[in-house]
Amino acid sequence: MGHDHHHHDLDRMGDRRLLTAIAINMLLTLAQVIGGIISGSLALIADALHNFSDAASLLIAWVARKIGRQLPDHFKTFGYKRAEVIAALINLVTLVLVGLYLIYEGLWRLFEPQVIEGWVVIVVASIALVIDIATATLTFSLSKQSINIRAAFLHNVSDALASAGVIIAGTLILLYGWYWTDTLLTLLIAGYVLYQAATLLPKTIHILMEGTPEGITIKEVINSMESIEGVSNVHHLHLWQIDEHKNALEAHVVISHFSKTEQIKMALKAELGQQFSITHSTLEFEINHCNKECY
């Protein structure tokens with residue numbers, strides 16, 4: 001009970017951090033949009049869109065955390081933890097769309113350049129930099145346990161870098177009139193967005209497609225299971241991830257004597273848990289008097 005109470009407290013603290021991060025990112029987005037319109041800076045508006053996607057990502061992650069805590073029922077017998085993986089997919093697809101839109105706007109600005117107020121850019125981007133660092137700090141510890149929040153954390157780090165870049169661009173505009181640096185920064189921000197999405201999308205899709213957990217091969221699992229005394233053969237094995245942290249397995253196991261079924265089952269589950277962190281396994285036992293070469 002003590003551990004459950006501690007875990008519940010951590011979840012509540014994590015939820016409060018997420019809500020705080022959402023609130024300050026929404027305020028930042030509003031400030032950047034206003035600053036971008038006043039100054040004519042596309043880079044500021046681009047960064048505002050990225051910050052808005054971060055706030056939306058955090059909101060989706062917060063809702064998914066709430067859903068994911070629901071216990072298994074007759075509708076979702078494995079529980080609702082995959083809600084966070086689905087949320088990650090939504091967030092990452094949105095990031096791709098935002099990145100492509102920023103590239104389009106950045107290239108279009110090359111044909112229709114506009115006057116940019118450098119001081120407004122510098123002031124708003126400086127505020128953004130402080131808030132991005134604060135948001136990244138709020139989500140850092142949570143990012144270690146969730147693919148959603150890890151994505152949001154990486155976005156905040158890149159936002160901080162982008163804000164620093166926007167400050168540099170504003171300074172260059174003030175000093176030298178290099179308006180093209182605003183377009184360049186827009187394209188760089190878009191590049192960061194697309195890079196982050198490309199980094200996490202394959203893993204997210206892999207989990208939803210019930211792919212084999214990272215770092216585990218079917219062959220080594222079978223070899224490990226067949227090394228257990230009394231096991232003649234393992235076949236029809238399926239291995240997948242229930243969510244980001246839980247691995248599952250089902251397999252047919254051929255044994256020599258049914259009288260040892262319970263003993264072999266316990267040994268197999270212990271081996272799967274210790275060697276491969278497989279916490280859920282369904283084993284169907286078969287009896288056969290021939291050796292492994294029969295298969």
# chains A, B, ... in the order shown; residues from 1 in each chain; ligands from 1
>>> residues_around(residues="region 235-247 of chain A", least_positions_apart="6", cutoff="8 Å", atoms="only C-alpha atoms", output="list in words")
Phe78, Lys81, Arg82, Val85, Ser146, Ile147, Ile207, Glu210, Gly211, Thr212, Pro213, Ile218, Ile222, Val253, Ser277, Ile278, Thr279 and His280 of chain A
>>> residues_around(residues="Leu272 (chain A)", least_positions_apart="4", cutoff="9 Å", atoms="only C-alpha atoms", output="list in words")
Val221, Ser224, Met225, Leu249, Ala267, Leu268, Phe276, Ser277, Ile278, Thr279 and Ser281 of chain A
>>> write_last_selection(atoms="C-alpha atoms", output="PDB file, in the first residue's frame")
ATOM      1  CA  VAL A 221      14.081 -16.095 -26.487  1.00  0.00           C
ATOM      2  CA  SER A 224      16.661 -19.416 -23.568  1.00  0.00           C
ATOM      3  CA  MET A 225      13.332 -21.212 -23.108  1.00  0.00           C
ATOM      4  CA  LEU A 249       4.700 -13.435 -24.971  1.00  0.00           C
ATOM      5  CA  ALA A 267      10.995 -21.950 -14.391  1.00  0.00           C
ATOM      6  CA  LEU A 268      10.061 -20.551 -17.813  1.00  0.00           C
ATOM      7  CA  PHE A 276      13.856 -10.338 -21.138  1.00  0.00           C
ATOM      8  CA  SER A 277      11.592  -8.370 -18.734  1.00  0.00           C
ATOM      9  CA  ILE A 278       8.574 -10.248 -20.075  1.00  0.00           C
ATOM     10  CA  THR A 279       5.920  -9.669 -17.409  1.00  0.00           C
ATOM     11  CA  SER A 281       3.297 -14.772 -20.780  1.00  0.00           C
TER      12      SER A 281
END
>>> closest_atom_pairs(of="region 46-88 of chain A", to="region 148-153 of chain A", cutoff="9 Å", atoms="only C-alpha atoms", output="Markdown table")
| residue | atom | partner | partner_atom | distance |
| --- | --- | --- | --- | --- |
| A:Asp54 | CA | A:Ala152 | CA | 6.0 |
| A:Ala55 | CA | A:Ala152 | CA | 8.5 |
| A:Ser57 | CA | A:Ala152 | CA | 6.5 |
| A:Leu58 | CA | A:Ala152 | CA | 6.6 |
| A:Ile60 | CA | A:Asn148 | CA | 8.6 |
| A:Ala61 | CA | A:Asn148 | CA | 5.9 |
| A:Trp62 | CA | A:Ile149 | CA | 9.0 |
| A:Glu84 | CA | A:Asn148 | CA | 6.5 |
| A:Val85 | CA | A:Asn148 | CA | 7.1 |
| A:Ala87 | CA | A:Asn148 | CA | 6.9 |
| A:Ala88 | CA | A:Asn148 | CA | 4.9 |
>>> closest_residue(among="A:Ile168, A:Ala162, A:Ile103, A:Leu59", to="Asn91 (chain A)", atoms="only C-alpha atoms")
A:Leu59
>>> atom_distance(atom1="CA of Ile38 (chain A)", atom2="CA of Ile22 (chain A)")
24.5 Å
>>> select_by_dssp(residues="region 40-120 of chain A", states="alpha helix (DSSP H)", output="NGL selection string")
:A and (42-68 or 82-111 or 118-120)
>>> closest_residue(among="A:Ala125, A:Val63, A:Ala251, A:Leu71", to="Thr29 (chain A)", atoms="only C-alpha atoms")
A:Ala125
>>> atom_distance(atom1="CA of Ala48 (chain A)", atom2="CA of Ser141 (chain A)")
24.6 Å
>>> decode(residues="region 66-219 of chain A", atoms="C-alpha atoms", output="PDB file, in the first residue's frame")
ATOM      1  CA  LYS A  66      -5.423   9.891 -17.055  1.00  0.00           C
ATOM      2  CA  ILE A  67      -6.883   7.310 -19.433  1.00  0.00           C
ATOM      3  CA  GLY A  68      -3.874   5.001 -19.050  1.00  0.00           C
ATOM      4  CA  ARG A  69      -4.424   4.664 -15.293  1.00  0.00           C
ATOM      5  CA  GLN A  70      -7.763   2.970 -15.776  1.00  0.00           C
ATOM      6  CA  LEU A  71      -7.767  -0.680 -14.757  1.00  0.00           C
ATOM      7  CA  PRO A  72      -8.340  -3.491 -17.298  1.00  0.00           C
ATOM      8  CA  ASP A  73     -11.990  -4.300 -17.966  1.00  0.00           C
ATOM      9  CA  HIS A  74     -14.040  -6.505 -20.275  1.00  0.00           C
ATOM     10  CA  PHE A  75     -13.602  -3.950 -23.079  1.00  0.00           C
ATOM     11  CA  LYS A  76      -9.808  -3.525 -22.731  1.00  0.00           C
ATOM     12  CA  THR A  77      -8.467  -6.661 -21.080  1.00  0.00           C
ATOM     13  CA  PHE A  78      -4.853  -5.453 -21.261  1.00  0.00           C
ATOM     14  CA  GLY A  79      -5.789  -2.084 -19.780  1.00  0.00           C
ATOM     15  CA  TYR A  80      -5.552   1.412 -21.268  1.00  0.00           C
ATOM     16  CA  LYS A  81      -1.808   2.135 -21.160  1.00  0.00           C
ATOM     17  CA  ARG A  82      -1.568   2.231 -24.962  1.00  0.00           C
ATOM     18  CA  ALA A  83      -3.522   5.479 -24.841  1.00  0.00           C
ATOM     19  CA  GLU A  84      -0.144   7.172 -24.266  1.00  0.00           C
ATOM     20  CA  VAL A  85       1.345   5.488 -27.337  1.00  0.00           C
ATOM     21  CA  ILE A  86      -1.630   6.593 -29.435  1.00  0.00           C
ATOM     22  CA  ALA A  87      -1.196  10.112 -28.042  1.00  0.00           C
ATOM     23  CA  ALA A  88       2.478  10.015 -29.050  1.00  0.00           C
ATOM     24  CA  LEU A  89       1.493   9.056 -32.602  1.00  0.00           C
ATOM     25  CA  ILE A  90      -0.981  11.968 -32.789  1.00  0.00           C
ATOM     26  CA  ASN A  91       1.623  14.396 -31.468  1.00  0.00           C
ATOM     27  CA  LEU A  92       4.338  13.237 -33.845  1.00  0.00           C
ATOM     28  CA  VAL A  93       2.115  13.313 -36.936  1.00  0.00           C
ATOM     29  CA  THR A  94       1.094  16.847 -35.955  1.00  0.00           C
ATOM     30  CA  LEU A  95       4.764  17.783 -35.656  1.00  0.00           C
ATOM     31  CA  VAL A  96       5.417  16.533 -39.187  1.00  0.00           C
ATOM     32  CA  LEU A  97       2.559  18.676 -40.530  1.00  0.00           C
ATOM     33  CA  VAL A  98       3.825  21.724 -38.620  1.00  0.00           C
ATOM     34  CA  GLY A  99       7.364  21.174 -39.918  1.00  0.00           C
ATOM     35  CA  LEU A 100       6.200  20.920 -43.535  1.00  0.00           C
ATOM     36  CA  TYR A 101       4.057  24.043 -43.145  1.00  0.00           C
ATOM     37  CA  LEU A 102       6.996  26.020 -41.749  1.00  0.00           C
ATOM     38  CA  ILE A 103       9.175  24.999 -44.700  1.00  0.00           C
ATOM     39  CA  TYR A 104       6.445  26.158 -47.094  1.00  0.00           C
ATOM     40  CA  GLU A 105       6.084  29.518 -45.316  1.00  0.00           C
ATOM     41  CA  GLY A 106       9.851  29.989 -45.076  1.00  0.00           C
ATOM     42  CA  LEU A 107      10.403  29.400 -48.787  1.00  0.00           C
ATOM     43  CA  TRP A 108       7.444  31.627 -49.704  1.00  0.00           C
ATOM     44  CA  ARG A 109       8.949  34.465 -47.651  1.00  0.00           C
ATOM     45  CA  LEU A 110      11.969  34.384 -50.000  1.00  0.00           C
ATOM     46  CA  PHE A 111       9.663  35.635 -52.778  1.00  0.00           C
ATOM     47  CA  GLU A 112       7.802  38.132 -50.577  1.00  0.00           C
ATOM     48  CA  PRO A 113      10.301  39.588 -48.075  1.00  0.00           C
ATOM     49  CA  GLN A 114       8.922  41.839 -45.325  1.00  0.00           C
ATOM     50  CA  VAL A 115      10.361  44.437 -42.974  1.00  0.00           C
ATOM     51  CA  ILE A 116      11.073  42.971 -39.526  1.00  0.00           C
ATOM     52  CA  GLU A 117      11.291  44.894 -36.237  1.00  0.00           C
ATOM     53  CA  GLY A 118      14.436  43.443 -34.671  1.00  0.00           C
ATOM     54  CA  TRP A 119      13.896  44.704 -31.107  1.00  0.00           C
ATOM     55  CA  VAL A 120      10.448  43.111 -30.813  1.00  0.00           C
ATOM     56  CA  VAL A 121      11.901  39.823 -32.063  1.00  0.00           C
ATOM     57  CA  ILE A 122      14.711  39.923 -29.488  1.00  0.00           C
ATOM     58  CA  VAL A 123      12.459  40.791 -26.527  1.00  0.00           C
ATOM     59  CA  VAL A 124       9.782  38.158 -27.282  1.00  0.00           C
ATOM     60  CA  ALA A 125      12.348  35.480 -28.121  1.00  0.00           C
ATOM     61  CA  SER A 126      14.194  36.186 -24.860  1.00  0.00           C
ATOM     62  CA  ILE A 127      10.980  35.639 -22.900  1.00  0.00           C
ATOM     63  CA  ALA A 128      10.390  32.454 -24.918  1.00  0.00           C
ATOM     64  CA  LEU A 129      13.874  31.194 -24.095  1.00  0.00           C
ATOM     65  CA  VAL A 130      13.267  31.553 -20.340  1.00  0.00           C
ATOM     66  CA  ILE A 131       9.874  29.797 -20.566  1.00  0.00           C
ATOM     67  CA  ASP A 132      11.240  26.991 -22.778  1.00  0.00           C
ATOM     68  CA  ILE A 133      13.973  26.269 -20.239  1.00  0.00           C
ATOM     69  CA  ALA A 134      11.403  26.308 -17.412  1.00  0.00           C
ATOM     70  CA  THR A 135       9.104  23.902 -19.292  1.00  0.00           C
ATOM     71  CA  ALA A 136      11.988  21.555 -20.099  1.00  0.00           C
ATOM     72  CA  THR A 137      12.906  21.536 -16.403  1.00  0.00           C
ATOM     73  CA  LEU A 138       9.314  20.660 -15.440  1.00  0.00           C
ATOM     74  CA  THR A 139       9.127  17.732 -17.857  1.00  0.00           C
ATOM     75  CA  PHE A 140      12.675  16.352 -17.550  1.00  0.00           C
ATOM     76  CA  SER A 141      12.066  13.790 -14.795  1.00  0.00           C
ATOM     77  CA  LEU A 142       8.771  12.664 -16.354  1.00  0.00           C
ATOM     78  CA  SER A 143      10.397  12.204 -19.767  1.00  0.00           C
ATOM     79  CA  LYS A 144      12.342   9.167 -18.535  1.00  0.00           C
ATOM     80  CA  GLN A 145       9.159   7.094 -18.208  1.00  0.00           C
ATOM     81  CA  SER A 146       6.942   8.191 -21.112  1.00  0.00           C
ATOM     82  CA  ILE A 147       7.483   8.386 -24.850  1.00  0.00           C
ATOM     83  CA  ASN A 148       4.890  11.211 -24.996  1.00  0.00           C
ATOM     84  CA  ILE A 149       6.574  13.383 -22.437  1.00  0.00           C
ATOM     85  CA  ARG A 150      10.033  12.487 -23.737  1.00  0.00           C
ATOM     86  CA  ALA A 151       8.960  13.865 -27.114  1.00  0.00           C
ATOM     87  CA  ALA A 152       7.603  16.997 -25.442  1.00  0.00           C
ATOM     88  CA  PHE A 153      10.845  17.419 -23.481  1.00  0.00           C
ATOM     89  CA  LEU A 154      12.929  17.180 -26.655  1.00  0.00           C
ATOM     90  CA  HIS A 155      10.624  19.719 -28.277  1.00  0.00           C
ATOM     91  CA  ASN A 156      11.167  22.126 -25.404  1.00  0.00           C
ATOM     92  CA  VAL A 157      14.937  21.731 -25.650  1.00  0.00           C
ATOM     93  CA  SER A 158      14.814  22.406 -29.378  1.00  0.00           C
ATOM     94  CA  ASP A 159      12.476  25.345 -28.725  1.00  0.00           C
ATOM     95  CA  ALA A 160      15.055  26.800 -26.370  1.00  0.00           C
ATOM     96  CA  LEU A 161      17.705  26.446 -29.080  1.00  0.00           C
ATOM     97  CA  ALA A 162      15.322  27.951 -31.648  1.00  0.00           C
ATOM     98  CA  SER A 163      14.566  30.904 -29.362  1.00  0.00           C
ATOM     99  CA  ALA A 164      18.286  31.470 -28.935  1.00  0.00           C
ATOM    100  CA  GLY A 165      18.621  31.382 -32.711  1.00  0.00           C
ATOM    101  CA  VAL A 166      15.791  33.885 -33.138  1.00  0.00           C
ATOM    102  CA  ILE A 167      17.586  36.247 -30.736  1.00  0.00           C
ATOM    103  CA  ILE A 168      20.697  35.959 -32.887  1.00  0.00           C
ATOM    104  CA  ALA A 169      18.643  36.629 -36.043  1.00  0.00           C
ATOM    105  CA  GLY A 170      17.030  39.709 -34.467  1.00  0.00           C
ATOM    106  CA  THR A 171      20.434  41.009 -33.475  1.00  0.00           C
ATOM    107  CA  LEU A 172      21.797  40.513 -36.989  1.00  0.00           C
ATOM    108  CA  ILE A 173      18.788  42.333 -38.437  1.00  0.00           C
ATOM    109  CA  LEU A 174      19.389  45.297 -36.096  1.00  0.00           C
ATOM    110  CA  LEU A 175      23.129  45.444 -36.740  1.00  0.00           C
ATOM    111  CA  TYR A 176      23.407  44.570 -40.421  1.00  0.00           C
ATOM    112  CA  GLY A 177      19.876  44.451 -41.867  1.00  0.00           C
ATOM    113  CA  TRP A 178      20.204  40.748 -42.706  1.00  0.00           C
ATOM    114  CA  TYR A 179      16.499  39.975 -43.059  1.00  0.00           C
ATOM    115  CA  TRP A 180      17.258  36.654 -44.737  1.00  0.00           C
ATOM    116  CA  THR A 181      18.388  35.291 -41.366  1.00  0.00           C
ATOM    117  CA  ASP A 182      14.703  35.216 -40.288  1.00  0.00           C
ATOM    118  CA  THR A 183      13.892  32.844 -43.163  1.00  0.00           C
ATOM    119  CA  LEU A 184      16.974  30.768 -42.415  1.00  0.00           C
ATOM    120  CA  LEU A 185      15.915  30.396 -38.768  1.00  0.00           C
ATOM    121  CA  THR A 186      12.425  29.368 -39.849  1.00  0.00           C
ATOM    122  CA  LEU A 187      13.852  26.570 -41.987  1.00  0.00           C
ATOM    123  CA  LEU A 188      16.173  25.460 -39.176  1.00  0.00           C
ATOM    124  CA  ILE A 189      13.246  25.283 -36.726  1.00  0.00           C
ATOM    125  CA  ALA A 190      11.320  23.218 -39.280  1.00  0.00           C
ATOM    126  CA  GLY A 191      14.332  20.937 -39.612  1.00  0.00           C
ATOM    127  CA  TYR A 192      14.426  20.351 -35.851  1.00  0.00           C
ATOM    128  CA  VAL A 193      10.705  19.569 -35.772  1.00  0.00           C
ATOM    129  CA  LEU A 194      10.942  17.017 -38.593  1.00  0.00           C
ATOM    130  CA  TYR A 195      14.086  15.442 -37.141  1.00  0.00           C
ATOM    131  CA  GLN A 196      12.442  14.903 -33.766  1.00  0.00           C
ATOM    132  CA  ALA A 197       9.336  13.390 -35.348  1.00  0.00           C
ATOM    133  CA  ALA A 198      11.445  11.078 -37.515  1.00  0.00           C
ATOM    134  CA  THR A 199      13.376   9.936 -34.429  1.00  0.00           C
ATOM    135  CA  LEU A 200      10.352   8.863 -32.366  1.00  0.00           C
ATOM    136  CA  LEU A 201       7.790   7.874 -35.021  1.00  0.00           C
ATOM    137  CA  PRO A 202       9.331   4.460 -35.884  1.00  0.00           C
ATOM    138  CA  LYS A 203       9.345   3.361 -32.233  1.00  0.00           C
ATOM    139  CA  THR A 204       5.757   4.520 -31.702  1.00  0.00           C
ATOM    140  CA  ILE A 205       4.485   2.747 -34.811  1.00  0.00           C
ATOM    141  CA  HIS A 206       6.486  -0.368 -33.885  1.00  0.00           C
ATOM    142  CA  ILE A 207       4.665  -0.611 -30.535  1.00  0.00           C
ATOM    143  CA  LEU A 208       1.242  -0.105 -32.127  1.00  0.00           C
ATOM    144  CA  MET A 209       2.068  -2.750 -34.751  1.00  0.00           C
ATOM    145  CA  GLU A 210       2.858  -5.163 -31.888  1.00  0.00           C
ATOM    146  CA  GLY A 211       6.471  -5.461 -32.972  1.00  0.00           C
ATOM    147  CA  THR A 212       9.126  -7.383 -31.060  1.00  0.00           C
ATOM    148  CA  PRO A 213      10.497  -5.304 -28.135  1.00  0.00           C
ATOM    149  CA  GLU A 214      13.719  -3.437 -28.883  1.00  0.00           C
ATOM    150  CA  GLY A 215      16.858  -5.390 -27.981  1.00  0.00           C
ATOM    151  CA  ILE A 216      15.145  -8.798 -28.012  1.00  0.00           C
ATOM    152  CA  THR A 217      15.163 -11.389 -30.818  1.00  0.00           C
ATOM    153  CA  ILE A 218      12.805 -14.336 -31.207  1.00  0.00           C
ATOM    154  CA  LYS A 219      15.743 -16.697 -31.646  1.00  0.00           C
TER     155      LYS A 219
END
